[in-house]
Amino acid sequence: MATHLRIRLDHQPPRLWYKDQPRKPKFFDLGVSLVGQKRRRVKGLVVPLKVELLYEDLTAVARQSILEVDSPLKIGRSGYANLKLRIGSVSRGHDGHDFVIRVSADASAAHLVNTVIDSETTQPVTVRSKINHAASNKRKRDLTASSAGNSNDEPDAKGLQALASWCHYTTNLLKDLHSARPHCVYCKVENGHASTCKLVKSIAGYSHIRSLLEAKGISLPATSSSPAPSTKRRLSHLMEAEPQPRVPAYRGPGPPSLMAAIGIKSDNDNNVEPFESFMQAPPPLLHY
Ligand SMILES: [Zn+2]
């Protein structure tokens, strides 16, 4: 019976890669391991590798020579290999398509005759030549000045813009729930909120994300998905009252300004969860 192993990607290539960026490496890293059942690394077996350049739909790129390799193409006895690869052609030259790289075992190796090794495919890589600072500054201005969807060139900025827009929209929904009477739909406290009310925390969390986005130069859309004027006014009051762009290091007992701004009523100050313990971990989305 054949031994069944697989190649595992331990280190993905960059999602966006500039092939001609001055003073930057001309090759990117791709880390692979040989693993067995239960995804444990298998040591002691030398596996020659094959790399193929594909488009995202897994069709092969016609000119394979644009995928260059600057490292041994094999997994050694350690069970791990760090491949140094380069894609020598920009996505724009391929109808704007991203590339993926399939790493497989070279099945022609005689000692692997009774071994089945599954291949693995990387995340998509967008290849550009180099960072165009003038264009990226212009993009930033466009994003700040107008609504989402104007940028056709920067997936990250577009994603952040969408996130900002979504925060804006959702915060308004939460604000409406927050002012529901006679009692909070979540914590059930009448004419106010418990200090632990998750509705209140969620509003604070969204505001925090908004601050982080603004610190990255992403602002809320001017018109699209904007709430009714009255809600908007209340929201802007909330947002302005919020410390920018970082949350304060708050230590009880009094509620921080944001809590006060959104009308939290603390039934017992000693029960107030320190603001920082909630806000300590910034949203991981922004850390790529
Ligand atoms: Zn509540």
# chains A, B, ... in the order shown; residues from 1 in each chain; ligands from 1
>>> residues_near_ligand(ligand="ligand 1", cutoff="10 Å", atoms="only C-alpha atoms and all ligand atoms", output="list in words")
Leu177, His178, Ser179, Ala180, His183, Cys184, Val185, Tyr186, Cys187, Lys188, Val189, Glu190, Asn191, Gly192, His193, Ala194, Ser195, Thr196, Cys197, Lys198, Leu199, Val200, Lys201, Ile264 and Lys265 of chain A
>>> write_last_selection(atoms="C-alpha atoms", output="PDB file, in the first residue's frame")
ATOM      1  CA  LEU A 177     -31.081  49.637  19.411  1.00  0.00           C
ATOM      2  CA  HIS A 178     -29.149  51.463  22.103  1.00  0.00           C
ATOM      3  CA  SER A 179     -31.823  54.151  22.433  1.00  0.00           C
ATOM      4  CA  ALA A 180     -34.718  51.677  22.405  1.00  0.00           C
ATOM      5  CA  HIS A 183     -35.652  48.851  28.295  1.00  0.00           C
ATOM      6  CA  CYS A 184     -32.518  47.733  26.491  1.00  0.00           C
ATOM      7  CA  VAL A 185     -33.195  44.807  24.157  1.00  0.00           C
ATOM      8  CA  TYR A 186     -29.937  43.296  25.209  1.00  0.00           C
ATOM      9  CA  CYS A 187     -29.236  43.912  28.875  1.00  0.00           C
ATOM     10  CA  LYS A 188     -32.935  44.559  29.778  1.00  0.00           C
ATOM     11  CA  VAL A 189     -32.063  47.494  32.020  1.00  0.00           C
ATOM     12  CA  GLU A 190     -34.789  50.149  32.015  1.00  0.00           C
ATOM     13  CA  ASN A 191     -33.951  53.625  30.683  1.00  0.00           C
ATOM     14  CA  GLY A 192     -30.277  52.885  30.467  1.00  0.00           C
ATOM     15  CA  HIS A 193     -27.776  50.113  30.224  1.00  0.00           C
ATOM     16  CA  ALA A 194     -25.863  47.789  32.447  1.00  0.00           C
ATOM     17  CA  SER A 195     -22.176  48.511  32.641  1.00  0.00           C
ATOM     18  CA  THR A 196     -21.582  45.171  30.967  1.00  0.00           C
ATOM     19  CA  CYS A 197     -24.102  45.685  28.137  1.00  0.00           C
ATOM     20  CA  LYS A 198     -22.647  44.207  24.977  1.00  0.00           C
ATOM     21  CA  LEU A 199     -24.590  46.654  22.858  1.00  0.00           C
ATOM     22  CA  VAL A 200     -22.684  49.510  24.448  1.00  0.00           C
ATOM     23  CA  LYS A 201     -19.422  47.635  24.054  1.00  0.00           C
ATOM     24  CA  ILE A 264     -23.893  54.412  29.637  1.00  0.00           C
ATOM     25  CA  LYS A 265     -25.299  54.382  33.133  1.00  0.00           C
TER      26      LYS A 265
END
>>> closest_residue(among="A:Ala109, A:Leu30, A:Leu5, A:Leu53", to="Leu85 (chain A)", atoms="only C-alpha atoms")
A:Leu30
>>> residues_around(residues="region 64-73 of chain A", least_positions_apart="4", cutoff="10 Å", atoms="only C-alpha atoms", output="list in words")
Lys26, Phe27, Phe28, Asp29, Val47, Pro48, Leu49, Lys50, Val51, Glu52, Leu53, Leu54, Ala60, Ala81, Asn82, Leu83, Lys84, Leu85, Arg86, Ile87, Gly88, Ser89, Val90, Ile101, Val103, Ala105 and Asp106 of chain A
>>> write_last_selection(atoms="C-alpha atoms", output="compact mmCIF listing (two decimals), in the first residue's frame")
# COMPACT_ATOMS: atom_id res chain seq x y z
CA LYS A 26 14.19 40.16 -6.16
CA PHE A 27 12.82 36.83 -4.90
CA PHE A 28 10.08 36.11 -2.38
CA ASP A 29 9.94 33.25 0.10
CA VAL A 47 11.48 14.99 -2.05
CA PRO A 48 12.36 16.75 -5.32
CA LEU A 49 9.80 19.45 -6.03
CA LYS A 50 8.12 20.93 -9.04
CA VAL A 51 6.64 24.43 -9.11
CA GLU A 52 4.07 25.58 -11.65
CA LEU A 53 2.72 29.02 -12.31
CA LEU A 54 -1.06 29.14 -12.68
CA ALA A 60 -1.51 27.09 -16.42
CA ALA A 81 12.16 23.85 2.46
CA ASN A 82 12.24 27.57 1.94
CA LEU A 83 11.88 28.25 -1.76
CA LYS A 84 13.03 31.52 -3.27
CA LEU A 85 10.80 32.41 -6.18
CA ARG A 86 10.23 35.26 -8.55
CA ILE A 87 7.45 35.99 -11.00
CA GLY A 88 9.03 37.99 -13.80
CA SER A 89 5.86 39.41 -15.30
CA VAL A 90 3.24 41.82 -13.96
CA ILE A 101 1.91 28.68 -7.54
CA VAL A 103 4.06 23.05 -5.43
CA ALA A 105 6.47 16.42 -5.62
CA ASP A 106 8.38 15.40 -8.71
>>> closest_residue(among="A:Val127, A:Ile117, A:Cys167, A:Ala110", to="Val35 (chain A)", atoms="only C-alpha atoms")
A:Ile117
>>> closest_residue(among="A:Ile75, A:Val125, A:Met1, A:Val113", to="Val100 (chain A)", atoms="only C-alpha atoms")
A:Val125
>>> select_by_dssp(residues="region 32-226 of chain A", states="strand (DSSP E or B)", output="ChimeraX atom specification")
/A:32-35,41,47-55,60,67-69,74-75,80-87,99-105,115-118,120-121,125-128,183,190
>>> closest_residue(among="A:Ala204, A:Val42, A:Ile218, A:Ile131", to="Gln21 (chain A)", atoms="only C-alpha atoms")
A:Ile131
>>> select_by_dssp(residues="region 8-169 of chain A", states="helix (DSSP H, G or I)", output="ChimeraX atom specification")
/A:37-39,64-66,91-94,110-112,133-145,155-169
>>> atom_distance(atom1="CA of Pro124 (chain A)", atom2="CA of Asp95 (chain A)")
14.7 Å
>>> atom_distance(atom1="CA of Leu160 (chain A)", atom2="CA of Leu213 (chain A)")
7.2 Å
>>> atom_distance(atom1="CA of Thr122 (chain A)", atom2="CA of Arg77 (chain A)")
22.7 Å
